[in-house]
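As stored in work.tsv (TSV, C-alpha atoms):
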```
chain	number	residue	atom	x	y	z
N	1	MET	CA	-13.76	14.28	24.88
N	2	SER	CA	-11.28	13.84	22.07
N	3	LEU	CA	-11.45	16.20	19.13
N	4	PRO	CA	-9.36	15.86	15.96
N	5	PRO	CA	-6.13	17.94	15.81
N	6	VAL	CA	-7.63	20.08	13.06
N	7	PHE	CA	-10.04	21.50	15.68
N	8	ASP	CA	-7.24	23.18	17.65
N	9	GLN	CA	-5.60	24.38	14.43
N	10	ALA	CA	-8.83	25.87	13.09
N	11	ILE	CA	-9.69	27.59	16.40
N	12	ALA	CA	-6.16	29.04	16.54
N	13	ARG	CA	-6.63	30.31	12.98
N	14	VAL	CA	-9.97	31.95	13.90
N	15	PHE	CA	-8.24	33.89	16.66
N	16	SER	CA	-5.19	34.78	14.55
N	17	THR	CA	-7.40	36.17	11.76
N	18	TRP	CA	-9.56	38.22	14.15
N	19	THR	CA	-8.48	41.77	13.31
N	20	THR	CA	-9.54	43.36	16.60
N	21	LEU	CA	-7.62	40.80	18.63
N	22	ALA	CA	-4.58	41.14	16.37
N	23	LEU	CA	-4.64	44.93	16.84
N	24	ALA	CA	-4.98	44.52	20.61
N	25	ILE	CA	-1.95	42.25	20.70
N	26	GLU	CA	0.11	44.29	18.21
N	27	HIS	CA	-0.46	47.55	20.08
N	28	SER	CA	-0.25	46.01	23.57
N	29	TRP	CA	-3.73	47.12	24.64
N	30	GLY	CA	-3.51	44.48	27.34
N	31	GLY	CA	-0.08	45.59	28.54
N	32	ARG	CA	3.24	43.86	28.04
N	33	ASP	CA	1.69	40.41	28.21
N	34	SER	CA	-0.91	41.06	25.49
N	35	LYS	CA	0.26	38.09	23.43
N	36	GLN	CA	-0.18	35.76	26.40
N	37	LYS	CA	-3.62	37.27	27.05
N	38	GLY	CA	-4.61	36.51	23.45
N	39	GLN	CA	-3.52	32.91	23.95
N	40	LEU	CA	-5.41	32.78	27.26
N	41	LEU	CA	-8.60	33.98	25.56
N	42	GLN	CA	-8.28	31.27	22.92
N	43	GLU	CA	-7.69	28.60	25.59
N	44	GLU	CA	-10.68	29.82	27.65
N	45	ILE	CA	-13.00	29.59	24.66
N	46	THR	CA	-11.67	26.14	23.73
N	47	GLN	CA	-12.15	24.90	27.31
N	48	HIS	CA	-15.63	26.45	27.43
N	49	LEU	CA	-16.62	24.58	24.27
N	50	ILE	CA	-15.21	21.27	25.50
N	51	ALA	CA	-16.91	21.66	28.89
N	52	SER	CA	-20.23	22.30	27.12
N	53	THR	CA	-20.32	18.65	26.00
N	54	LYS	CA	-21.28	17.71	29.57
N	55	ARG	CA	-24.52	19.68	29.32
N	56	ARG	CA	-27.83	18.20	28.39
N	57	ARG	CA	-27.93	20.31	25.22
N	58	ILE	CA	-24.65	21.15	23.51
N	59	PRO	CA	-24.47	24.71	22.13
N	60	SER	CA	-24.83	24.95	18.37
N	61	HIS	CA	-23.89	27.44	15.68
N	62	GLU	CA	-27.43	26.99	14.36
N	63	ASN	CA	-28.97	28.39	17.58
N	64	GLN	CA	-28.72	32.20	17.72
N	65	ASP	CA	-28.99	32.21	21.53
N	66	ASP	CA	-25.92	29.96	21.73
N	67	VAL	CA	-23.98	32.20	19.34
N	68	ASP	CA	-25.04	35.28	21.34
N	69	GLY	CA	-24.03	33.61	24.61
N	70	LEU	CA	-20.52	32.83	23.35
N	71	ALA	CA	-20.29	36.30	21.76
N	72	ASP	CA	-21.15	37.86	25.13
N	73	MET	CA	-18.37	35.84	26.75
N	74	LEU	CA	-15.92	37.06	24.09
N	75	LEU	CA	-17.13	40.64	24.50
N	76	LYS	CA	-16.63	40.52	28.27
N	77	ARG	CA	-13.22	38.86	28.17
N	78	VAL	CA	-11.82	41.17	25.46
N	79	ASP	CA	-12.92	44.13	27.56
N	80	GLU	CA	-11.36	42.65	30.71
N	81	LEU	CA	-8.11	41.53	29.09
N	82	PHE	CA	-7.50	44.37	26.62
N	83	ASN	CA	-9.72	47.23	27.81
N	84	CYS	CA	-11.33	47.15	24.38
N	85	GLU	CA	-15.02	47.53	23.63
N	86	LEU	CA	-16.17	45.58	20.60
N	87	ASP	CA	-18.76	47.40	18.56
N	88	ASP	CA	-18.03	45.98	15.11
N	89	GLY	CA	-19.97	42.71	15.49
N	90	SER	CA	-16.80	40.65	15.21
N	91	ASP	CA	-17.55	38.91	18.51
N	92	SER	CA	-20.63	37.30	16.94
N	93	GLU	CA	-18.69	36.25	13.85
N	94	VAL	CA	-15.93	34.67	15.95
N	95	ALA	CA	-18.50	32.97	18.19
N	96	TYR	CA	-20.32	31.52	15.17
N	97	LEU	CA	-17.08	30.22	13.62
N	98	CYS	CA	-15.89	28.67	16.89
N	99	LEU	CA	-19.23	26.95	17.44
N	100	ARG	CA	-19.43	25.68	13.87
N	101	ILE	CA	-15.89	24.30	13.95
N	102	PHE	CA	-16.60	22.72	17.34
N	103	ASN	CA	-19.93	21.18	16.29
N	104	THR	CA	-18.68	19.75	13.02
N	105	CYS	CA	-15.43	18.38	14.48
N	106	ARG	CA	-17.31	16.86	17.43
N	107	GLU	CA	-19.51	15.00	14.95
N	108	GLY	CA	-16.41	13.71	13.12
N	109	ASP	CA	-16.79	16.02	10.11
N	110	THR	CA	-13.59	18.04	9.64
N	111	SER	CA	-14.47	19.42	6.19
N	112	PHE	CA	-15.49	22.88	7.48
N	113	ALA	CA	-12.35	23.18	9.63
N	114	ASP	CA	-10.18	22.01	6.72
N	115	ASP	CA	-11.83	24.48	4.34
N	116	PHE	CA	-11.38	27.29	6.86
N	117	LEU	CA	-7.66	26.51	7.21
N	118	LYS	CA	-7.24	26.42	3.42
N	119	LYS	CA	-9.12	29.70	2.91
N	120	PHE	CA	-7.37	31.63	5.69
N	121	THR	CA	-3.71	30.74	5.44
N	122	GLN	CA	-2.37	33.81	7.25
N	123	GLY	CA	-3.26	35.90	10.26
N	124	ALA	CA	-5.04	39.25	10.13
N	125	ASP	CA	-3.55	41.76	7.69
N	126	LEU	CA	-3.08	44.84	9.87
N	127	SER	CA	-1.59	46.87	7.01
N	128	LYS	CA	-5.15	47.56	5.83
N	129	CYS	CA	-6.10	49.08	9.19
N	130	GLN	CA	-5.86	52.83	9.36
N	131	GLY	CA	-6.06	55.15	12.31
N	132	LYS	CA	-7.99	58.37	12.01
N	133	ASP	CA	-7.42	61.42	14.19
N	134	SER	CA	-10.44	63.54	14.81
N	135	ILE	CA	-11.31	66.50	16.97
N	136	GLU	CA	-14.66	66.52	18.69
N	137	TYR	CA	-15.82	69.81	20.11
N	138	VAL	CA	-17.89	70.16	23.21
N	139	THR	CA	-21.55	70.93	22.57
N	140	ASP	CA	-23.40	73.66	24.46
N	141	GLU	CA	-25.24	71.02	26.48
N	142	GLU	CA	-22.01	69.22	27.43
N	143	LEU	CA	-20.51	72.58	28.35
N	144	LEU	CA	-23.44	73.40	30.61
N	145	LEU	CA	-23.35	69.98	32.28
N	146	SER	CA	-19.60	70.22	32.78
N	147	GLY	CA	-19.97	73.65	34.36
N	148	MET	CA	-22.72	72.43	36.65
N	149	GLN	CA	-20.68	69.59	38.08
N	150	GLY	CA	-19.55	70.47	41.57
N	151	LEU	CA	-21.94	73.44	41.90
N	152	ASP	CA	-23.65	73.93	45.23
N	153	LEU	CA	-27.26	74.15	44.09
N	154	GLU	CA	-28.70	74.27	47.60
N	155	GLY	CA	-28.00	78.01	47.86
N	156	ILE	CA	-29.98	78.76	44.71
N	157	ARG	CA	-33.65	79.62	45.14
N	158	GLU	CA	-36.38	77.94	43.15
N	159	GLY	CA	-36.80	79.67	39.81
N	160	GLY	CA	-33.05	79.98	39.23
N	161	GLU	CA	-32.48	83.16	41.25
N	162	GLY	CA	-29.54	83.33	43.62
N	163	ASN	CA	-29.59	84.87	47.05
N	164	SER	CA	-28.27	88.37	46.48
N	165	ASP	CA	-27.93	89.02	50.21
N	166	SER	CA	-25.43	86.24	50.79
N	167	GLU	CA	-21.86	85.76	49.84
N	168	SER	CA	-20.77	82.59	48.06
N	169	ASP	CA	-17.93	80.31	49.07
N	170	ASP	CA	-15.64	81.83	46.45
N	171	GLY	CA	-16.03	85.35	47.89
N	172	ASN	CA	-18.41	86.60	45.21
N	173	GLU	CA	-21.67	88.23	46.24
N	174	GLY	CA	-24.91	86.74	45.05
N	175	GLY	CA	-23.87	83.11	45.34
N	176	SER	CA	-24.03	82.52	41.60
N	177	LYS	CA	-21.80	85.35	40.38
N	178	GLY	CA	-18.36	84.27	39.24
N	179	ARG	CA	-19.67	81.06	37.64
N	180	GLY	CA	-19.05	82.50	34.20
N	181	ALA	CA	-15.35	81.88	34.67
N	182	GLN	CA	-16.05	78.20	35.36
N	183	TYR	CA	-18.20	77.95	32.24
N	184	ALA	CA	-15.57	79.71	30.16
N	185	ALA	CA	-12.88	77.33	31.40
N	186	ALA	CA	-15.07	74.33	30.61
N	187	GLY	CA	-15.85	75.77	27.17
N	188	ALA	CA	-12.20	75.78	26.22
N	189	ALA	CA	-12.13	71.97	26.39
N	190	ALA	CA	-12.10	69.93	23.21
N	191	ALA	CA	-11.44	66.21	23.06
N	192	THR	CA	-9.04	64.60	20.60
N	193	THR	CA	-9.69	60.94	19.89
N	194	THR	CA	-8.11	58.28	17.74
N	195	THR	CA	-10.23	55.61	16.17
N	196	THR	CA	-9.18	52.58	14.19
N	197	THR	CA	-11.08	51.38	11.18
```
Go ahead and render the structure in this file as structure tokens.
Amino acid sequence: MSLPPVFDQAIARVFSTWTTLALAIEHSWGGRDSKQKGQLLQEEITQHLIASTKRRRIPSHENQDDVDGLADMLLKRVDELFNCELDDGSDSEVAYLCLRIFNTCREGDTSFADDFLKKFTQGADLSKCQGKDSIEYVTDEELLLSGMQGLDLEGIREGGEGNSDSESDDGNEGGSKGRGAQYAAAGAAAATTTTTT
């Protein structure tokens, strides 16, 4: 199938204006070859759209299931290529734009693709993106669960009482004595995360 040249230009512009993808490439979330991975993603989507013309029903931007299907493909590939989980809904926006450009160009109408190229003349503006450092403290429940990981619960009687006649693996009597140190160590943990908005 032959599509007008404006199709490839408009699809390339969709991917270059996608902020999440631009951040992934700029910050090498996919490793040293992040730029090539971005190009690969664009080529995969283009080939997927062209191959869809051989189906009985061609996917459409007007069908939400088709948009969701392409968005799921984008979501999966961005995660695989860049180790990035999309939770901003941009995958659906990109899927919709790609399908609309594809559908209109396939029908010989390049007006939407032309308008898109005129409206978005540059790639994503990453200067507006800001990172935010935050500290998240461990909750009591997380602390308890962390302390319980790796515990040998078989030696504990029903009702939560330990066997006071036995000695635990760590040399403490009572089987459950000495666990306070594990809980205290787990309680000292706090996670620092960086998010991008």
Cys84 of chain N: which residues within 9 Å, counting all atoms listed in the file, same-chain residues fewer than 4 positions away excluded, as a list of chain:residue names?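 Everything that qualifies: N:Thr20, N:Ala24, N:Trp29, N:Gly30, N:Leu75, N:Val78, N:Asp79, N:Glu80.
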May I ask which of the residues N:Leu144, N:Gln39, N:Arg57, N:Thr17 is the closest one to Lys119 of chain N, counting all atoms listed in the file?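 Looking only at the distances to Lys119 of chain N, the closest residue turns out to be N:Thr17.
By all atoms listed in the file, and with residues fewer than 6 positions from Gln47 of chain N along its chain excluded, the set lying at most 12 Å from it is Met1, Leu3, Asp8, Ile11, Leu40, Leu41, Thr53, Lys54, Cys98 and Phe102 of chain N.
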Taken to one decimal, the atom CA of Pro5 of chain N-atom CA of Gly89 of chain N distance is 28.4 Å
Which residue, N:Ser2, N:Asn83, N:Ser92, N:Asn103, has the smallest gap to Ile25 of chain N when you use all atoms listed in the file?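 Distance minimum relative to Ile25 of chain N lands on N:Asn83.
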One decimal, Å: what's the distance from atom CA of Leu74 of chain N over to atom CA of Thr46 of chain N, could you say?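 Taking atom CA of Leu74 of chain N as the start and atom CA of Thr46 of chain N as the end point, the length is 11.7 Å.
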If I take atom CA of Ala124 of chain N and atom CA of Leu21 of chain N, how far is one from the other in Å, to one decimal? 9.0 Å
With distances taken over all atoms listed in the file, which residue among N:Ile58, N:Ala22, N:Val6, N:Leu143 lies nearest Leu99 of chain N?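 For Leu99 of chain N, the nearest of the given residues is N:Ile58.
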Which residue gives the smallest distance to Gly69 of chain N among N:Met148, N:Leu49, N:Leu126, N:Ala12, with only C-alpha atoms counted? N:Leu49
Who sits within 12 Å of Leu70 of chain N, all atoms listed in the file, same chain under 4 positions skipped, as a tab-separated table (two decimals) with C-alpha atoms, in the frame of the given file:
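out04.tsv, freshly written:
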```
chain	number	residue	atom	x	y	z
N	44	GLU	CA	-10.68	29.82	27.65
N	45	ILE	CA	-13.00	29.59	24.66
N	46	THR	CA	-11.67	26.14	23.73
N	48	HIS	CA	-15.63	26.45	27.43
N	49	LEU	CA	-16.62	24.58	24.27
N	52	SER	CA	-20.23	22.30	27.12
N	59	PRO	CA	-24.47	24.71	22.13
N	60	SER	CA	-24.83	24.95	18.37
N	61	HIS	CA	-23.89	27.44	15.68
N	63	ASN	CA	-28.97	28.39	17.58
N	64	GLN	CA	-28.72	32.20	17.72
N	65	ASP	CA	-28.99	32.21	21.53
N	66	ASP	CA	-25.92	29.96	21.73
N	74	LEU	CA	-15.92	37.06	24.09
N	75	LEU	CA	-17.13	40.64	24.50
N	76	LYS	CA	-16.63	40.52	28.27
N	77	ARG	CA	-13.22	38.86	28.17
N	90	SER	CA	-16.80	40.65	15.21
N	91	ASP	CA	-17.55	38.91	18.51
N	92	SER	CA	-20.63	37.30	16.94
N	93	GLU	CA	-18.69	36.25	13.85
N	94	VAL	CA	-15.93	34.67	15.95
N	95	ALA	CA	-18.50	32.97	18.19
N	96	TYR	CA	-20.32	31.52	15.17
N	97	LEU	CA	-17.08	30.22	13.62
N	98	CYS	CA	-15.89	28.67	16.89
N	99	LEU	CA	-19.23	26.95	17.44
N	100	ARG	CA	-19.43	25.68	13.87
```
Counting all atoms listed in the file, I want the residues whose atoms come within 12 Å of (-3.7, 31.6, 5.9) in the file frame, returned as a short mmCIF file (atom, residue, chain, number, x, y, z; two decimals) with C-alpha atoms, in the coordinates of the input.
```
data_model
loop_
_atom_site.label_atom_id
_atom_site.label_comp_id
_atom_site.auth_asym_id
_atom_site.auth_seq_id
_atom_site.Cartn_x
_atom_site.Cartn_y
_atom_site.Cartn_z
CA GLN N 9 -5.60 24.38 14.43
CA ALA N 10 -8.83 25.87 13.09
CA ALA N 12 -6.16 29.04 16.54
CA ARG N 13 -6.63 30.31 12.98
CA VAL N 14 -9.97 31.95 13.90
CA PHE N 15 -8.24 33.89 16.66
CA SER N 16 -5.19 34.78 14.55
CA THR N 17 -7.40 36.17 11.76
CA ASP N 114 -10.18 22.01 6.72
CA ASP N 115 -11.83 24.48 4.34
CA PHE N 116 -11.38 27.29 6.86
CA LEU N 117 -7.66 26.51 7.21
CA LYS N 118 -7.24 26.42 3.42
CA LYS N 119 -9.12 29.70 2.91
CA PHE N 120 -7.37 31.63 5.69
CA THR N 121 -3.71 30.74 5.44
CA GLN N 122 -2.37 33.81 7.25
CA GLY N 123 -3.26 35.90 10.26
CA ALA N 124 -5.04 39.25 10.13
CA ASP N 125 -3.55 41.76 7.69
#
```
Looking at N:Ser146, N:Thr139, N:Ser127, N:Ser34, which one is nearest to Thr19 of chain N, with distances taken over all atoms listed in the file?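 The shortest atom-to-atom distance to Thr19 of chain N comes from N:Ser127.
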Extending 8 Å beyond the listed atoms of segment 2-16 of chain N on each side, what axis-aligned box results? I want centre and edge lengths in Å to one decimal, as JSON.
```
{"center_x": -8.3, "center_y": 24.3, "center_z": 17.5, "size_x": 22.3, "size_y": 36.9, "size_z": 25.1}
```
